[in-house]
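**Student:** This is the structure I have questions about; it appears just below.
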Amino acid sequence: DTILKQMTMANVYTQTDYLTFLTTLQQQKLVLNQSKIQYRTNYLTLLFLCGLRDTSSVSLAEPDIAVHQNVSSDRSIFFQQFAIDSMNHINARELIKFNYRPKLNVFAEGGYNSSLALTPYKNFGTNFGLSLIVPIYDGKQRRMKNEKIDIAERTRKDYERFFSNQYSQQIEQLSEQLKSTESLLSEIDTQIKYSESLINAHFKLLPAGQVRVVDLIMAINNYINAKNLLTQNKVNRWQIINQ
């Protein structure tokens, strides 16, 4: 701004060139202030979620999120319900077997009749017996209960297979997105280096009046856009790894 203003006063650049640059500069300042406000809002929200009352600003370090390779579906918490349902079906089947087993009950009783005091040795009495329960016919209830469990188990396996396929597809998609994002980050780094070189070249030629202001503004905007794109893709990379 200072250099261009001096060059404009010396009639090396026109007043419209300087005003074009100044307008772009003010626009970027507004974007910067808006970003600071948004950052402050997000930072306070983060403190609120963490239960912290300290509102002093700090520079947040990049999150150290590692990529876990070969994450099998059976180790996922989302598939624990299928294992629980399978055990419930096994328990229900064992319970049916237990209920249809023959049952033998033994009972015994003993007592003393205190109303006949003359012959107390004859007042003692005992009673015992056996009862045997053998299931003979239940109207095919046992078979229907087992068939019901079979249907529930097949349904469970189908759902587990379906979610397992979806789980594997999601992992593959996220892995592909992560690979593409990391490749894009490398390309953006290269673009930023080119933009920096172009801006430095423009600044060297600016005092001599050999640079068009429009070209300088375009080079600066390309650099800023590349930096913003780099930040966005870094955030996307963290989100993909976390997911």
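For the structure tokens, the naming scheme is as follows: chains receive sequential letters (A, B, ...) according to their order of presentation, residues are indexed from 1 within each chain, and ligands are indexed from 1 in presentation order.
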Based on DSSP run over this structure's backbone, return all residues of stretch 14-210 of chain A in alpha helix (DSSP H), as a ChimeraX atom specification.

**Tutor:** /A:15-50,80-99,141-205

**Student:** Output as a list in words all residues of stretch 21-198 of chain A that backbone DSSP marks as strand (DSSP E).

**Tutor:**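 Filtering stretch 21-198 of chain A to strand (DSSP E) leaves Lys103, Leu104, Asn105, Val106, Phe107, Ala108, Glu109, Gly110, Gly111, Tyr112, Phe124, Gly125, Thr126, Asn127, Phe128, Gly129, Leu130, Ser131, Leu132 and Ile133 of chain A.
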
**Student:** Here is a test: counting only C-alpha atoms, which residue of A:Glu160, A:Phe203, A:Thr231, A:Thr181 is nearest to A:Ala83?

**Tutor:**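 For A:Ala83, the nearest of the given residues is A:Glu160.
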
**Student:** Rank A:Ser186, A:Gln81, A:His202, A:Arg212 by their smallest atom-to-atom distance to A:Thr16, using only C-alpha atoms, and report the top residue only.

**Tutor:** A:Arg212

**Student:** For stretch 126-232 of chain A versus stretch 20-23 of chain A, which residues have an atom no more than 12 Å away, and what is each residue's nearest atom pair and distance in Å rounded to one decimal, using only C-alpha atoms, chain-then-number order, as JSON lines?

**Tutor:**
```
{"residue": "A:Arg212", "atom": "CA", "partner": "A:Phe21", "partner_atom": "CA", "distance": 10.7}
{"residue": "A:Val213", "atom": "CA", "partner": "A:Phe21", "partner_atom": "CA", "distance": 7.0}
{"residue": "A:Val214", "atom": "CA", "partner": "A:Phe21", "partner_atom": "CA", "distance": 7.9}
{"residue": "A:Asp215", "atom": "CA", "partner": "A:Phe21", "partner_atom": "CA", "distance": 10.4}
{"residue": "A:Leu216", "atom": "CA", "partner": "A:Phe21", "partner_atom": "CA", "distance": 8.6}
{"residue": "A:Ile217", "atom": "CA", "partner": "A:Phe21", "partner_atom": "CA", "distance": 6.6}
{"residue": "A:Met218", "atom": "CA", "partner": "A:Phe21", "partner_atom": "CA", "distance": 10.1}
{"residue": "A:Ala219", "atom": "CA", "partner": "A:Phe21", "partner_atom": "CA", "distance": 11.9}
{"residue": "A:Ile220", "atom": "CA", "partner": "A:Phe21", "partner_atom": "CA", "distance": 10.4}
{"residue": "A:Asn221", "atom": "CA", "partner": "A:Phe21", "partner_atom": "CA", "distance": 11.1}
```

**Student:** Can you spit out the residues from that selection as a CSV table (one decimal), in the first residue's frame, using C-alpha atoms?

**Tutor:**
```csv
chain,number,residue,atom,x,y,z
A,212,ARG,CA,0.3,-4.1,-13.7
A,213,VAL,CA,-1.6,-3.6,-10.6
A,214,VAL,CA,-4.3,-6.0,-11.8
A,215,ASP,CA,-1.7,-8.7,-12.1
A,216,LEU,CA,-0.3,-8.0,-8.6
A,217,ILE,CA,-3.8,-8.2,-7.1
A,218,MET,CA,-4.5,-11.4,-9.0
A,219,ALA,CA,-1.3,-12.9,-7.7
A,220,ILE,CA,-2.0,-12.0,-4.1
A,221,ASN,CA,-5.6,-13.3,-4.4
```

**Student:** Need to verify the contact set: A:Ala152, 10 Å, only C-alpha atoms, exclusion of same-chain residues closer than 6 positions in sequence. Can you return it as a list in words?

**Tutor:**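 Those residues are Asp85, Ser86, His89, Asn146 and Asp158 of chain A.
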
**Student:** Which value, in Å to one decimal, gives the distance between atom CA of A:Leu174 and atom CA of A:Thr190?

**Tutor:** 24.5 Å

**Student:** Would you pick out the contacts of A:Tyr39 at 12 Å or less, using only C-alpha atoms, so that residues sharing its chain but fewer than 5 positions from it are not included, and give the list as a list of chain:residue names?

**Tutor:**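 The contact residues come out as A:Leu32, A:Asn33, A:Gln34, A:Leu44, A:Thr45, A:Leu46, A:Ser57, A:Val58, A:Ser59, A:Leu60.
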
**Student:** Could you tell me how far atom CA of A:Pro135 sits from atom CA of A:Tyr100, in Å to one decimal place?

**Tutor:**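 Atom CA of A:Pro135 lies 6.1 Å from atom CA of A:Tyr100.
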
**Student:** Using only C-alpha atoms, determine which residues lie at most 12 Å from A:Ile84, disregarding the query and same-chain residues fewer than 5 positions distant; provide the list as a list in words.

**Tutor:**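 Result of the neighbour search: Ile77, Phe78, Phe79, His89, Ile90, Asn91, Glu153, Arg156 and Glu160 of chain A.
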
**Student:** Extract, using only C-alpha atoms, all DNA, RNA and protein residues at most 12 Å from A:Arg161, discarding same-chain residues fewer than 6 positions from it, and format them as a compact mmCIF listing (two decimals) with C-alpha atoms, in the first residue's frame.

**Tutor:**
```
# COMPACT_ATOMS: atom_id res chain seq x y z
CA SER A 73 -15.92 -54.86 11.75
CA ASP A 74 -15.97 -57.34 14.65
CA PHE A 79 -21.41 -54.66 16.02
CA PHE A 82 -25.23 -58.55 16.92
CA ARG A 154 -31.14 -65.85 10.06
CA THR A 155 -32.45 -62.29 10.19
CA TYR A 167 -18.87 -50.89 7.17
CA SER A 168 -16.19 -52.19 4.79
```

**Student:** Between A:Gln80, A:Arg93, A:Glu62, A:Pro102, which residue has the minimum interatomic distance to A:Asp150, considering only C-alpha atoms?

**Tutor:**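 Ranking A:Gln80, A:Arg93, A:Glu62, A:Pro102 by distance to A:Asp150, first place goes to A:Arg93.
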
**Student:** Which is closer to A:Glu187 than all the others in A:Arg143, A:Tyr159, A:Ile151, A:Asn233, using only C-alpha atoms?

**Tutor:**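 Selected residue with least distance to A:Glu187: A:Asn233.
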
**Student:** Kindly give the distance, in Å, that separates atom CA of A:Ser180 and atom CA of A:Lys234, rounded to a single decimal.

**Tutor:** 12.0 Å

**Student:** Near A:Asp64, within 12 Å and counting only C-alpha atoms, which residues show up once chain neighbours fewer than 2 positions away are dropped, as a PDB file with N, CA and C atoms, in the first residue's frame?

**Tutor:**
```pdb
ATOM      1  N   LEU A  60      -4.062 -22.937  19.244  1.00  0.00           N
ATOM      2  CA  LEU A  60      -4.349 -24.369  19.294  1.00  0.00           C
ATOM      3  C   LEU A  60      -3.364 -25.129  18.419  1.00  0.00           C
ATOM      4  N   ALA A  61      -2.810 -26.172  18.962  1.00  0.00           N
ATOM      5  CA  ALA A  61      -1.897 -27.022  18.187  1.00  0.00           C
ATOM      6  C   ALA A  61      -2.703 -27.939  17.271  1.00  0.00           C
ATOM      7  N   GLU A  62      -2.051 -28.393  16.219  1.00  0.00           N
ATOM      8  CA  GLU A  62      -2.728 -29.315  15.315  1.00  0.00           C
ATOM      9  C   GLU A  62      -3.033 -30.626  16.039  1.00  0.00           C
ATOM     10  N   ALA A  66      -4.100 -40.192  14.703  1.00  0.00           N
ATOM     11  CA  ALA A  66      -3.424 -41.229  13.928  1.00  0.00           C
ATOM     12  C   ALA A  66      -4.436 -42.043  13.135  1.00  0.00           C
ATOM     13  N   VAL A  67      -3.980 -42.604  12.040  1.00  0.00           N
ATOM     14  CA  VAL A  67      -4.824 -43.450  11.196  1.00  0.00           C
ATOM     15  C   VAL A  67      -4.674 -44.901  11.657  1.00  0.00           C
ATOM     16  N   ARG A 237      -8.980 -33.437   6.194  1.00  0.00           N
ATOM     17  CA  ARG A 237      -8.156 -34.626   6.462  1.00  0.00           C
ATOM     18  C   ARG A 237      -8.361 -35.104   7.899  1.00  0.00           C
ATOM     19  N   TRP A 238      -8.360 -34.181   8.846  1.00  0.00           N
ATOM     20  CA  TRP A 238      -8.586 -34.575  10.240  1.00  0.00           C
ATOM     21  C   TRP A 238      -9.965 -35.180  10.421  1.00  0.00           C
ATOM     22  N   GLN A 239     -10.958 -34.605   9.775  1.00  0.00           N
ATOM     23  CA  GLN A 239     -12.321 -35.117   9.908  1.00  0.00           C
ATOM     24  C   GLN A 239     -12.440 -36.521   9.314  1.00  0.00           C
ATOM     25  N   ILE A 241      -9.983 -38.767   9.031  1.00  0.00           N
ATOM     26  CA  ILE A 241      -9.287 -39.696   9.942  1.00  0.00           C
ATOM     27  C   ILE A 241     -10.138 -39.974  11.169  1.00  0.00           C
ATOM     28  N   ASN A 242     -10.731 -38.939  11.716  1.00  0.00           N
ATOM     29  CA  ASN A 242     -11.563 -39.111  12.906  1.00  0.00           C
ATOM     30  C   ASN A 242     -12.778 -39.974  12.611  1.00  0.00           C
TER      31      ASN A 242
END
```
